[in-house]
Number of protein chains: 2
Amino acid sequence: MSKRTKLSDVAEVAGVSTATVSRVLNGNERVDPELADRVRTALAELKYRRNRLARGLRQRSSSLIGAIIPDVSNPFFTDVVRGLEDGVREAGFMLVLCNSDEDPQKENDYLELLVDQQAAGIVLAPAGSRTPGLAEALDAGVRVVVIDRLLEGVNVDTVVLANTEGARALTTHLLESGGRVAHISGPMRASTASERVEGYRRALREHGLGRRDEIIIESDYTVEGGYAAMGRLLELQPRPDAVLVGNNVMTLGVLRRVAEAGLRPEDLRIGSFDPVPWGADPDRTVAVLEHPSHQLGTVAAELIMAAIADESHTPHTVVLPSGEIV
Amino acid sequence: MSKRTKLSDVAEVAGVSTATVSRVLNGNERVDPELADRVRTALAELKYRRNRLARGLRQRSSSLIGAIIPDVSNPFFTDVVRGLEDGVREAGFMLVLCNSDEDPQKENDYLELLVDQQAAGIVLAPAGSRTPGLAEALDAGVRVVVIDRLLEGVNVDTVVLANTEGARALTTHLLESGGRVAHISGPMRASTASERVEGYRRALREHGLGRRDEIIIESDYTVEGGYAAMGRLLELQPRPDAVLVGNNVMTLGVLRRVAEAGLRPEDLRIGSFDPVPWGADPDRTVAVLEHPSHQLGTVAAELIMAAIADESHTPHTVVLPSGEIV
DNA sequence: TTGAAAGCGCTAACAC
DNA sequence: GTGTTAGCGCTTTCAA
């Protein structure tokens, strides 16, 4: 546990002031090439590593970007996180991943902790539709980008998917094979869910179908929820011919329930959103709309970086178009 | 973006020194109850939040615990991370989750970054069997706990599962239904893989079977790897009657390959380790050994906390027993 | 272009 | 039990 070498040690060895070493390290200001070389030699020789806490304290901002995610094991968010990581590391920041477990309380705790930690930015995929701690974070000068879901009552950078249009396209696809199409939706407090319901309705109307033809079951974006909702659909007389499932995770429950009922893909067609977890649908019986999840992450990273760089940044909302149906 | 209130603001309002406020905040030393009350009032009134960077700089250690995980979307590690989080948050630390993506380079980058960040501790689930950066981290005084896999050539706190014994039990279970039992193993550079192979062999010997009865295919702990390995097993004459699969993820590939071959659970029995991802095996045709994955996390958290508290801590290796076969 | 020196916000000796 | 003060390691004026 040898004492770590610090800036002044490097300065001493190189025969310059700490200010010069700092300038070489940051590379913004001009330094005499000969001095810079001496500094770089000393840096390497002493295996210098800079103390990011001290740097952050002085700069009133650390090199941490926090990502608060409702469920890191959902492959959709795993993709998003990879995208974030790529963008963030490239810019020399470090991504701090926080799993809120769909719990607004935990979400808020992490938000506060990140602010206390002087995080340079926070990427938030909110569990609910409101986040009290967010206003304080913004107030403290931390840059925030909200992803995946829209948040009420705050003016903040946001990146979301074109949920309404995506659901409309997917529903239309299901309708084209004929029959009645039901919808298992997520919790309506989530903007993703209400938008997808809207898209589903729009597709129905475009096919000359009215309110009486809508079959919507509100569920909760979990495997168990999907399973239960599918069970209720199977009890209907007549049974629907197809179902639009509100997210990838519920699809697992739906597939399982359908398999238990002994139905084949021709009997009950399924439409959902990718990425479908862990190759759960090897035979590709589900029509999935490709989501640009990785891109959601990279765009969010770009937005955060832009906001950090640009002092007077005006919040924007970016809507990413869905991909193909496969 | 109002200026954040700092300790000295609180001290002024409460009419005490900054030292007293600090003492109240940390709660270790004794403070006059009346003063403490005034401080707490001021704290609340000003909505004071402490700057963790400054605190960390002074204490030469931040309140961050880093967790470097090969694949956060593997439900085994998701469980582990939950366990870690529980233990770490309880002690007032914050867990920084880093996804190394099975890439030793990324793993090393994160290790260095965490040291630069003055992390109080690092929990490492190594991608390989060696980690050059680890020695430097320990040298810098950062507490490290290695989990899941054994690392060569370093004396460090370690928490692993009883892999040999678990594999032995599972193989024995498969042997009891008769027939020949094959093994799809992980990469032998991983201690988990070599230990499970050892357990598999031991069970065979205990059943009076020799080397000639061993059928081992080395794979790589991925879905695709499991799929390919199972394909090779199916070509064998005679075909094995059962297979011990080296981890949960490969089991997905195996299940898929088996389904494609049109085999039923009676034709080819499968043994593996939980947690099986995303309810991929709804009919419970796979015999799984329950892994105490959550506990792996909590124990690692305890170890880290103990090491941080105890200046002169001697590294230990903890082996957690497997659970039941279900 | 470079160096001296102040100071980010906090904690920990030390003196009272 | 409390306050004064030095200083953690870095960046950033400011003056030279």
# chains A, B, ... in the order shown; residues from 1 in each chain; ligands from 1
call {"tool": "residues_around", "arguments": {"residues": "range 236-253 of chain B", "least_positions_apart": "2", "cutoff": "7 Å", "atoms": "only C-alpha atoms (C1' of nucleotides)", "output": "JSON, numbers by chain"}}
result
{"B": [171, 174, 179, 180, 181, 182, 183, 184, 185, 186, 193, 221, 222, 223, 224, 225, 226, 227, 232, 233, 234, 255, 256, 257, 267, 268, 269, 270, 271, 272, 273, 274, 275, 276, 280]}
call {"tool": "interface_residues", "arguments": {"of": "chain C", "to": "chain B", "cutoff": "8 Å", "atoms": "only C-alpha atoms (C1' of nucleotides)", "output": "list in words"}}
result
DC8, DG9, DC10 and DT11 of chain C
call {"tool": "write_last_selection", "arguments": {"atoms": "N, CA, C and O atoms (P, O5', C5', C4', C3', O3' and C1' of nucleotides)", "output": "compact mmCIF listing (two decimals), in the first residue's frame"}}
result
# COMPACT_ATOMS: atom_id res chain seq x y z
P DC C 8 -13.56 28.43 -2.07
O5' DC C 8 -14.35 27.22 -2.72
C5' DC C 8 -14.50 27.06 -4.13
C4' DC C 8 -14.51 25.58 -4.46
C3' DC C 8 -15.16 24.72 -3.37
O3' DC C 8 -16.53 24.50 -3.72
C1' DC C 8 -13.07 23.77 -4.17
P DG C 9 -17.66 25.05 -2.74
O5' DG C 9 -17.70 23.93 -1.63
C5' DG C 9 -18.04 22.61 -1.99
C4' DG C 9 -17.66 21.69 -0.86
C3' DG C 9 -18.30 22.03 0.49
O3' DG C 9 -18.97 20.87 0.94
C1' DG C 9 -15.99 21.66 0.73
P DC C 10 -19.69 20.70 2.31
O5' DC C 10 -18.63 19.84 3.13
C5' DC C 10 -18.41 18.49 2.75
C4' DC C 10 -17.07 18.03 3.23
C3' DC C 10 -16.98 17.74 4.73
O3' DC C 10 -17.27 16.34 4.92
C1' DC C 10 -15.02 18.83 3.86
P DT C 11 -17.46 15.81 6.42
O5' DT C 11 -15.94 15.64 6.88
C5' DT C 11 -15.14 14.66 6.25
C4' DT C 11 -13.78 14.62 6.88
C3' DT C 11 -13.72 14.18 8.33
O3' DT C 11 -12.53 13.40 8.42
C1' DT C 11 -12.72 16.28 8.14
call {"tool": "interface_residues", "arguments": {"of": "chain A", "to": "chain B", "cutoff": "8 Å", "atoms": "only C-alpha atoms", "output": "PyMOL selection string"}}
result
chain A and resi 1-4+49-54+56-57+62+72-75+78+94-98+113+116-118+138-141+252+256+277-280+282
call {"tool": "select_by_dssp", "arguments": {"residues": "range 82-306 of chain A", "states": "helix (DSSP H, G or I)", "output": "mmCIF file with N, CA and C atoms, in the first residue's frame"}}
result
data_model
loop_
_atom_site.group_PDB
_atom_site.id
_atom_site.type_symbol
_atom_site.label_atom_id
_atom_site.label_comp_id
_atom_site.auth_asym_id
_atom_site.auth_seq_id
_atom_site.Cartn_x
_atom_site.Cartn_y
_atom_site.Cartn_z
ATOM 1 N N ARG A 82 -25.662 -0.417 -23.035
ATOM 2 C CA ARG A 82 -24.476 -0.580 -23.883
ATOM 3 C C ARG A 82 -24.268 0.672 -24.740
ATOM 4 N N GLY A 83 -25.367 1.171 -25.298
ATOM 5 C CA GLY A 83 -25.281 2.378 -26.110
ATOM 6 C C GLY A 83 -24.770 3.559 -25.298
ATOM 7 N N LEU A 84 -25.299 3.695 -24.111
ATOM 8 C CA LEU A 84 -24.880 4.772 -23.212
ATOM 9 C C LEU A 84 -23.393 4.662 -22.918
ATOM 10 N N GLU A 85 -22.993 3.449 -22.557
ATOM 11 C CA GLU A 85 -21.609 3.211 -22.192
ATOM 12 C C GLU A 85 -20.670 3.622 -23.323
ATOM 13 N N ASP A 86 -21.007 3.163 -24.520
ATOM 14 C CA ASP A 86 -20.175 3.493 -25.681
ATOM 15 C C ASP A 86 -19.982 5.002 -25.786
ATOM 16 N N GLY A 87 -21.098 5.733 -25.754
ATOM 17 C CA GLY A 87 -21.031 7.178 -25.930
ATOM 18 C C GLY A 87 -20.304 7.875 -24.796
ATOM 19 N N VAL A 88 -20.523 7.394 -23.599
ATOM 20 C CA VAL A 88 -20.009 8.060 -22.415
ATOM 21 C C VAL A 88 -18.506 7.831 -22.229
ATOM 22 N N ARG A 89 -18.078 6.590 -22.445
ATOM 23 C CA ARG A 89 -16.655 6.270 -22.301
ATOM 24 C C ARG A 89 -15.826 7.015 -23.327
ATOM 25 N N GLU A 90 -16.379 7.110 -24.514
ATOM 26 C CA GLU A 90 -15.700 7.812 -25.583
ATOM 27 C C GLU A 90 -15.355 9.245 -25.177
ATOM 28 N N PRO A 104 -39.938 3.735 -7.185
ATOM 29 C CA PRO A 104 -39.732 5.190 -7.204
ATOM 30 C C PRO A 104 -38.875 5.674 -6.035
ATOM 31 N N GLN A 105 -38.986 5.002 -4.903
ATOM 32 C CA GLN A 105 -38.205 5.385 -3.733
ATOM 33 C C GLN A 105 -36.704 5.193 -3.993
ATOM 34 N N LYS A 106 -36.375 4.007 -4.498
ATOM 35 C CA LYS A 106 -34.972 3.719 -4.808
ATOM 36 C C LYS A 106 -34.466 4.678 -5.878
ATOM 37 N N GLU A 107 -35.326 4.927 -6.847
ATOM 38 C CA GLU A 107 -34.983 5.850 -7.925
ATOM 39 C C GLU A 107 -34.585 7.211 -7.360
ATOM 40 N N ASN A 108 -35.388 7.670 -6.415
ATOM 41 C CA ASN A 108 -35.139 8.974 -5.816
ATOM 42 C C ASN A 108 -33.862 8.983 -4.970
ATOM 43 N N ASP A 109 -33.651 7.908 -4.235
ATOM 44 C CA ASP A 109 -32.430 7.783 -3.437
ATOM 45 C C ASP A 109 -31.199 7.894 -4.329
ATOM 46 N N TYR A 110 -31.239 7.168 -5.429
ATOM 47 C CA TYR A 110 -30.101 7.183 -6.342
ATOM 48 C C TYR A 110 -29.896 8.563 -6.947
ATOM 49 N N LEU A 111 -31.008 9.206 -7.266
ATOM 50 C CA LEU A 111 -30.938 10.546 -7.831
ATOM 51 C C LEU A 111 -30.196 11.479 -6.865
ATOM 52 N N GLU A 112 -30.580 11.437 -5.615
ATOM 53 C CA GLU A 112 -29.940 12.293 -4.610
ATOM 54 C C GLU A 112 -28.468 11.949 -4.434
ATOM 55 N N LEU A 113 -28.217 10.654 -4.381
ATOM 56 C CA LEU A 113 -26.851 10.191 -4.187
ATOM 57 C C LEU A 113 -25.953 10.668 -5.327
ATOM 58 N N LEU A 114 -26.490 10.600 -6.522
ATOM 59 C CA LEU A 114 -25.708 11.023 -7.685
ATOM 60 C C LEU A 114 -25.448 12.524 -7.656
ATOM 61 N N VAL A 115 -26.423 13.274 -7.218
ATOM 62 C CA VAL A 115 -26.230 14.718 -7.101
ATOM 63 C C VAL A 115 -25.169 15.004 -6.046
ATOM 64 N N ASP A 116 -25.256 14.331 -4.903
ATOM 65 C CA ASP A 116 -24.250 14.494 -3.851
ATOM 66 C C ASP A 116 -22.865 14.140 -4.351
ATOM 67 N N PRO A 132 -40.118 13.400 -8.125
ATOM 68 C CA PRO A 132 -39.943 14.627 -7.349
ATOM 69 C C PRO A 132 -38.497 15.103 -7.285
ATOM 70 N N GLY A 133 -37.564 14.175 -7.099
ATOM 71 C CA GLY A 133 -36.172 14.557 -6.927
ATOM 72 C C GLY A 133 -35.547 15.198 -8.159
ATOM 73 N N LEU A 134 -36.217 15.041 -9.284
ATOM 74 C CA LEU A 134 -35.624 15.521 -10.531
ATOM 75 C C LEU A 134 -35.426 17.036 -10.538
ATOM 76 N N ALA A 135 -36.433 17.745 -10.053
ATOM 77 C CA ALA A 135 -36.361 19.205 -10.036
ATOM 78 C C ALA A 135 -35.139 19.662 -9.241
ATOM 79 N N GLU A 136 -34.911 19.028 -8.103
ATOM 80 C CA GLU A 136 -33.764 19.397 -7.275
ATOM 81 C C GLU A 136 -32.442 19.127 -7.986
ATOM 82 N N ALA A 137 -32.413 17.998 -8.681
ATOM 83 C CA ALA A 137 -31.189 17.667 -9.413
ATOM 84 C C ALA A 137 -30.896 18.735 -10.458
ATOM 85 N N LEU A 138 -31.913 19.105 -11.206
ATOM 86 C CA LEU A 138 -31.734 20.138 -12.218
ATOM 87 C C LEU A 138 -31.316 21.447 -11.559
ATOM 88 N N ASP A 139 -31.941 21.710 -10.410
ATOM 89 C CA ASP A 139 -31.649 22.917 -9.655
ATOM 90 C C ASP A 139 -30.188 22.968 -9.226
ATOM 91 N N ASN A 163 -43.626 5.326 -30.139
ATOM 92 C CA ASN A 163 -44.466 4.224 -29.678
ATOM 93 C C ASN A 163 -45.802 4.141 -30.390
ATOM 94 N N THR A 164 -46.427 5.292 -30.574
ATOM 95 C CA THR A 164 -47.745 5.294 -31.199
ATOM 96 C C THR A 164 -47.663 4.727 -32.609
ATOM 97 N N GLU A 165 -46.725 5.267 -33.368
ATOM 98 C CA GLU A 165 -46.562 4.808 -34.743
ATOM 99 C C GLU A 165 -46.149 3.338 -34.808
ATOM 100 N N GLY A 166 -45.283 2.928 -33.913
ATOM 101 C CA GLY A 166 -44.838 1.538 -33.896
ATOM 102 C C GLY A 166 -45.999 0.589 -33.627
ATOM 103 N N ALA A 167 -46.791 0.926 -32.617
ATOM 104 C CA ALA A 167 -47.923 0.060 -32.271
ATOM 105 C C ALA A 167 -48.937 0.039 -33.409
ATOM 106 N N ARG A 168 -49.110 1.173 -34.067
ATOM 107 C CA ARG A 168 -50.049 1.241 -35.184
ATOM 108 C C ARG A 168 -49.597 0.288 -36.304
ATOM 109 N N ALA A 169 -48.299 0.353 -36.622
ATOM 110 C CA ALA A 169 -47.770 -0.491 -37.697
ATOM 111 C C ALA A 169 -47.923 -1.973 -37.358
ATOM 112 N N LEU A 170 -47.607 -2.295 -36.114
ATOM 113 C CA LEU A 170 -47.661 -3.694 -35.679
ATOM 114 C C LEU A 170 -49.102 -4.209 -35.682
ATOM 115 N N THR A 171 -50.012 -3.386 -35.225
ATOM 116 C CA THR A 171 -51.420 -3.780 -35.201
ATOM 117 C C THR A 171 -51.938 -3.968 -36.626
ATOM 118 N N THR A 172 -51.549 -3.044 -37.487
ATOM 119 C CA THR A 172 -51.957 -3.154 -38.888
ATOM 120 C C THR A 172 -51.467 -4.477 -39.475
ATOM 121 N N HIS A 173 -50.233 -4.808 -39.166
ATOM 122 C CA HIS A 173 -49.649 -6.066 -39.631
ATOM 123 C C HIS A 173 -50.495 -7.261 -39.176
ATOM 124 N N LEU A 174 -50.922 -7.234 -37.936
ATOM 125 C CA LEU A 174 -51.724 -8.337 -37.405
ATOM 126 C C LEU A 174 -53.112 -8.360 -38.052
ATOM 127 N N LEU A 175 -53.668 -7.172 -38.274
ATOM 128 C CA LEU A 175 -55.010 -7.083 -38.853
ATOM 129 C C LEU A 175 -55.032 -7.609 -40.286
ATOM 130 N N SER A 191 -45.997 6.315 -20.125
ATOM 131 C CA SER A 191 -46.342 6.923 -21.415
ATOM 132 C C SER A 191 -46.192 5.915 -22.544
ATOM 133 N N THR A 192 -45.245 4.985 -22.403
ATOM 134 C CA THR A 192 -45.066 3.965 -23.435
ATOM 135 C C THR A 192 -46.355 3.169 -23.619
ATOM 136 N N ALA A 193 -47.001 2.862 -22.503
ATOM 137 C CA ALA A 193 -48.228 2.053 -22.564
ATOM 138 C C ALA A 193 -49.373 2.835 -23.196
ATOM 139 N N SER A 194 -49.575 4.065 -22.736
ATOM 140 C CA SER A 194 -50.716 4.830 -23.258
ATOM 141 C C SER A 194 -50.511 5.145 -24.732
ATOM 142 N N GLU A 195 -49.271 5.377 -25.133
ATOM 143 C CA GLU A 195 -49.012 5.660 -26.539
ATOM 144 C C GLU A 195 -49.251 4.435 -27.413
ATOM 145 N N ARG A 196 -48.884 3.281 -26.893
ATOM 146 C CA ARG A 196 -49.084 2.071 -27.696
ATOM 147 C C ARG A 196 -50.572 1.742 -27.818
ATOM 148 N N VAL A 197 -51.323 2.024 -26.758
ATOM 149 C CA VAL A 197 -52.775 1.846 -26.822
ATOM 150 C C VAL A 197 -53.349 2.766 -27.899
ATOM 151 N N GLU A 198 -52.854 3.979 -27.908
ATOM 152 C CA GLU A 198 -53.302 4.952 -28.899
ATOM 153 C C GLU A 198 -53.014 4.459 -30.329
ATOM 154 N N GLY A 199 -51.841 3.902 -30.527
ATOM 155 C CA GLY A 199 -51.478 3.378 -31.837
ATOM 156 C C GLY A 199 -52.348 2.201 -32.239
ATOM 157 N N TYR A 200 -52.611 1.352 -31.270
ATOM 158 C CA TYR A 200 -53.492 0.194 -31.500
ATOM 159 C C TYR A 200 -54.876 0.670 -31.953
ATOM 160 N N ARG A 201 -55.407 1.646 -31.237
ATOM 161 C CA ARG A 201 -56.740 2.176 -31.582
ATOM 162 C C ARG A 201 -56.747 2.796 -32.967
ATOM 163 N N ARG A 202 -55.672 3.521 -33.253
ATOM 164 C CA ARG A 202 -55.617 4.205 -34.532
ATOM 165 C C ARG A 202 -55.677 3.186 -35.675
ATOM 166 N N ALA A 203 -54.923 2.097 -35.520
ATOM 167 C CA ALA A 203 -54.899 1.059 -36.558
ATOM 168 C C ALA A 203 -56.289 0.457 -36.750
ATOM 169 N N LEU A 204 -56.955 0.234 -35.638
ATOM 170 C CA LEU A 204 -58.310 -0.327 -35.714
ATOM 171 C C LEU A 204 -59.229 0.608 -36.492
ATOM 172 N N ARG A 205 -59.176 1.873 -36.150
ATOM 173 C CA ARG A 205 -60.027 2.856 -36.829
ATOM 174 C C ARG A 205 -59.724 2.886 -38.318
ATOM 175 N N GLU A 206 -58.446 2.833 -38.642
ATOM 176 C CA GLU A 206 -58.064 2.863 -40.054
ATOM 177 C C GLU A 206 -58.590 1.652 -40.820
ATOM 178 N N ARG A 211 -64.944 1.228 -31.508
ATOM 179 C CA ARG A 211 -64.636 0.961 -30.107
ATOM 180 C C ARG A 211 -65.064 -0.435 -29.663
ATOM 181 N N ARG A 212 -66.168 -0.913 -30.257
ATOM 182 C CA ARG A 212 -66.692 -2.212 -29.837
ATOM 183 C C ARG A 212 -65.721 -3.352 -30.183
ATOM 184 N N ASP A 213 -64.839 -3.093 -31.127
ATOM 185 C CA ASP A 213 -63.897 -4.142 -31.538
ATOM 186 C C ASP A 213 -62.612 -4.148 -30.721
ATOM 187 N N VAL A 223 -43.471 -10.696 -16.668
ATOM 188 C CA VAL A 223 -43.748 -12.022 -17.221
ATOM 189 C C VAL A 223 -45.077 -12.544 -16.668
ATOM 190 N N GLU A 224 -45.221 -12.446 -15.372
ATOM 191 C CA GLU A 224 -46.426 -12.961 -14.726
ATOM 192 C C GLU A 224 -47.660 -12.215 -15.215
ATOM 193 N N GLY A 225 -47.514 -10.908 -15.373
ATOM 194 C CA GLY A 225 -48.629 -10.107 -15.866
ATOM 195 C C GLY A 225 -49.063 -10.550 -17.254
ATOM 196 N N GLY A 226 -48.103 -10.809 -18.107
ATOM 197 C CA GLY A 226 -48.401 -11.256 -19.459
ATOM 198 C C GLY A 226 -49.105 -12.607 -19.444
ATOM 199 N N TYR A 227 -48.624 -13.460 -18.571
ATOM 200 C CA TYR A 227 -49.208 -14.792 -18.440
ATOM 201 C C TYR A 227 -50.681 -14.695 -18.028
ATOM 202 N N ALA A 228 -50.947 -13.915 -17.001
ATOM 203 C CA ALA A 228 -52.313 -13.773 -16.482
ATOM 204 C C ALA A 228 -53.236 -13.129 -17.516
ATOM 205 N N ALA A 229 -52.746 -12.084 -18.164
ATOM 206 C CA ALA A 229 -53.564 -11.383 -19.148
ATOM 207 C C ALA A 229 -53.930 -12.309 -20.307
ATOM 208 N N MET A 230 -52.971 -13.112 -20.735
ATOM 209 C CA MET A 230 -53.240 -14.042 -21.823
ATOM 210 C C MET A 230 -54.306 -15.052 -21.399
ATOM 211 N N GLY A 231 -54.219 -15.457 -20.124
ATOM 212 C CA GLY A 231 -55.228 -16.378 -19.601
ATOM 213 C C GLY A 231 -56.625 -15.808 -19.748
ATOM 214 N N ARG A 232 -56.767 -14.537 -19.435
ATOM 215 C CA ARG A 232 -58.087 -13.910 -19.538
ATOM 216 C C ARG A 232 -58.547 -13.829 -20.990
ATOM 217 N N LEU A 233 -57.604 -13.565 -21.883
ATOM 218 C CA LEU A 233 -57.971 -13.486 -23.303
ATOM 219 C C LEU A 233 -58.471 -14.834 -23.817
ATOM 220 N N LEU A 234 -57.876 -15.904 -23.316
ATOM 221 C CA LEU A 234 -58.243 -17.239 -23.799
ATOM 222 C C LEU A 234 -59.654 -17.632 -23.372
ATOM 223 N N GLU A 235 -60.137 -16.971 -22.313
ATOM 224 C CA GLU A 235 -61.489 -17.295 -21.831
ATOM 225 C C GLU A 235 -62.574 -16.604 -22.638
ATOM 226 N N ASN A 248 -41.632 -6.573 -24.507
ATOM 227 C CA ASN A 248 -40.916 -7.818 -24.736
ATOM 228 C C ASN A 248 -41.058 -8.818 -23.583
ATOM 229 N N VAL A 249 -41.022 -8.298 -22.359
ATOM 230 C CA VAL A 249 -41.030 -9.194 -21.202
ATOM 231 C C VAL A 249 -42.380 -9.908 -21.054
ATOM 232 N N MET A 250 -43.472 -9.158 -21.234
ATOM 233 C CA MET A 250 -44.792 -9.787 -21.124
ATOM 234 C C MET A 250 -44.959 -10.887 -22.156
ATOM 235 N N THR A 251 -44.266 -10.744 -23.272
ATOM 236 C CA THR A 251 -44.369 -11.746 -24.336
ATOM 237 C C THR A 251 -43.957 -13.136 -23.849
ATOM 238 N N LEU A 252 -43.000 -13.175 -22.928
ATOM 239 C CA LEU A 252 -42.585 -14.465 -22.387
ATOM 240 C C LEU A 252 -43.743 -15.152 -21.680
ATOM 241 N N GLY A 253 -44.462 -14.388 -20.869
ATOM 242 C CA GLY A 253 -45.619 -14.947 -20.168
ATOM 243 C C GLY A 253 -46.691 -15.380 -21.151
ATOM 244 N N VAL A 254 -46.871 -14.563 -22.162
ATOM 245 C CA VAL A 254 -47.885 -14.873 -23.176
ATOM 246 C C VAL A 254 -47.534 -16.176 -23.900
ATOM 247 N N LEU A 255 -46.285 -16.293 -24.322
ATOM 248 C CA LEU A 255 -45.846 -17.503 -25.033
ATOM 249 C C LEU A 255 -46.063 -18.747 -24.179
ATOM 250 N N ARG A 256 -45.764 -18.605 -22.926
ATOM 251 C CA ARG A 256 -45.895 -19.738 -22.029
ATOM 252 C C ARG A 256 -47.357 -20.148 -21.859
ATOM 253 N N ARG A 257 -48.206 -19.124 -21.687
ATOM 254 C CA ARG A 257 -49.627 -19.404 -21.506
ATOM 255 C C ARG A 257 -50.217 -20.027 -22.761
ATOM 256 N N VAL A 258 -49.790 -19.545 -23.893
ATOM 257 C CA VAL A 258 -50.288 -20.067 -25.168
ATOM 258 C C VAL A 258 -49.845 -21.522 -25.347
ATOM 259 N N ALA A 259 -48.590 -21.791 -24.983
ATOM 260 C CA ALA A 259 -48.073 -23.160 -25.094
ATOM 261 C C ALA A 259 -48.861 -24.094 -24.181
ATOM 262 N N GLU A 260 -49.156 -23.644 -22.991
ATOM 263 C CA GLU A 260 -49.917 -24.469 -22.045
ATOM 264 C C GLU A 260 -51.297 -24.789 -22.584
ATOM 265 N N PRO A 277 -36.201 -11.490 -24.999
ATOM 266 C CA PRO A 277 -35.151 -11.970 -24.108
ATOM 267 C C PRO A 277 -34.641 -13.361 -24.444
ATOM 268 N N TRP A 278 -33.341 -13.482 -24.476
ATOM 269 C CA TRP A 278 -32.673 -14.764 -24.408
ATOM 270 C C TRP A 278 -33.168 -15.798 -25.399
ATOM 271 N N GLY A 279 -33.457 -15.383 -26.574
ATOM 272 C CA GLY A 279 -33.888 -16.338 -27.589
ATOM 273 C C GLY A 279 -35.086 -17.156 -27.167
ATOM 274 N N SER A 293 -32.888 0.191 -29.673
ATOM 275 C CA SER A 293 -32.572 0.373 -28.255
ATOM 276 C C SER A 293 -31.146 0.869 -28.037
ATOM 277 N N HIS A 294 -30.217 0.297 -28.797
ATOM 278 C CA HIS A 294 -28.827 0.738 -28.652
ATOM 279 C C HIS A 294 -28.701 2.214 -29.006
ATOM 280 N N GLN A 295 -29.412 2.581 -30.059
ATOM 281 C CA GLN A 295 -29.376 3.981 -30.501
ATOM 282 C C GLN A 295 -29.973 4.917 -29.451
ATOM 283 N N LEU A 296 -30.993 4.429 -28.782
ATOM 284 C CA LEU A 296 -31.589 5.218 -27.703
ATOM 285 C C LEU A 296 -30.497 5.621 -26.710
ATOM 286 N N GLY A 297 -29.605 4.669 -26.431
ATOM 287 C CA GLY A 297 -28.507 4.945 -25.515
ATOM 288 C C GLY A 297 -27.496 5.925 -26.079
ATOM 289 N N THR A 298 -27.098 5.710 -27.317
ATOM 290 C CA THR A 298 -26.070 6.595 -27.882
ATOM 291 C C THR A 298 -26.592 8.027 -28.033
ATOM 292 N N VAL A 299 -27.847 8.152 -28.433
ATOM 293 C CA VAL A 299 -28.418 9.494 -28.571
ATOM 294 C C VAL A 299 -28.507 10.189 -27.217
ATOM 295 N N ALA A 300 -28.911 9.434 -26.213
ATOM 296 C CA ALA A 300 -28.978 10.011 -24.870
ATOM 297 C C ALA A 300 -27.599 10.470 -24.414
ATOM 298 N N ALA A 301 -26.582 9.657 -24.722
ATOM 299 C CA ALA A 301 -25.211 10.019 -24.353
ATOM 300 C C ALA A 301 -24.791 11.312 -25.060
ATOM 301 N N GLU A 302 -25.106 11.391 -26.332
ATOM 302 C CA GLU A 302 -24.771 12.609 -27.079
ATOM 303 C C GLU A 302 -25.438 13.843 -26.464
ATOM 304 N N LEU A 303 -26.696 13.669 -26.122
ATOM 305 C CA LEU A 303 -27.453 14.782 -25.540
ATOM 306 C C LEU A 303 -26.846 15.246 -24.219
ATOM 307 N N ILE A 304 -26.487 14.277 -23.394
ATOM 308 C CA ILE A 304 -25.876 14.604 -22.103
ATOM 309 C C ILE A 304 -24.563 15.352 -22.326
ATOM 310 N N MET A 305 -23.761 14.835 -23.233
ATOM 311 C CA MET A 305 -22.464 15.459 -23.506
ATOM 312 C C MET A 305 -22.642 16.882 -24.025
ATOM 313 N N ALA A 306 -23.612 17.040 -24.907
ATOM 314 C CA ALA A 306 -23.875 18.375 -25.450
ATOM 315 C C ALA A 306 -24.311 19.318 -24.337
#
call {"tool": "interface_residues", "arguments": {"of": "chain D", "to": "chain A", "cutoff": "12 Å", "atoms": "only C-alpha atoms (C1' of nucleotides)", "output": "list in words"}}
result
DC8, DG9, DC10, DT11, DT12 and DT13 of chain D
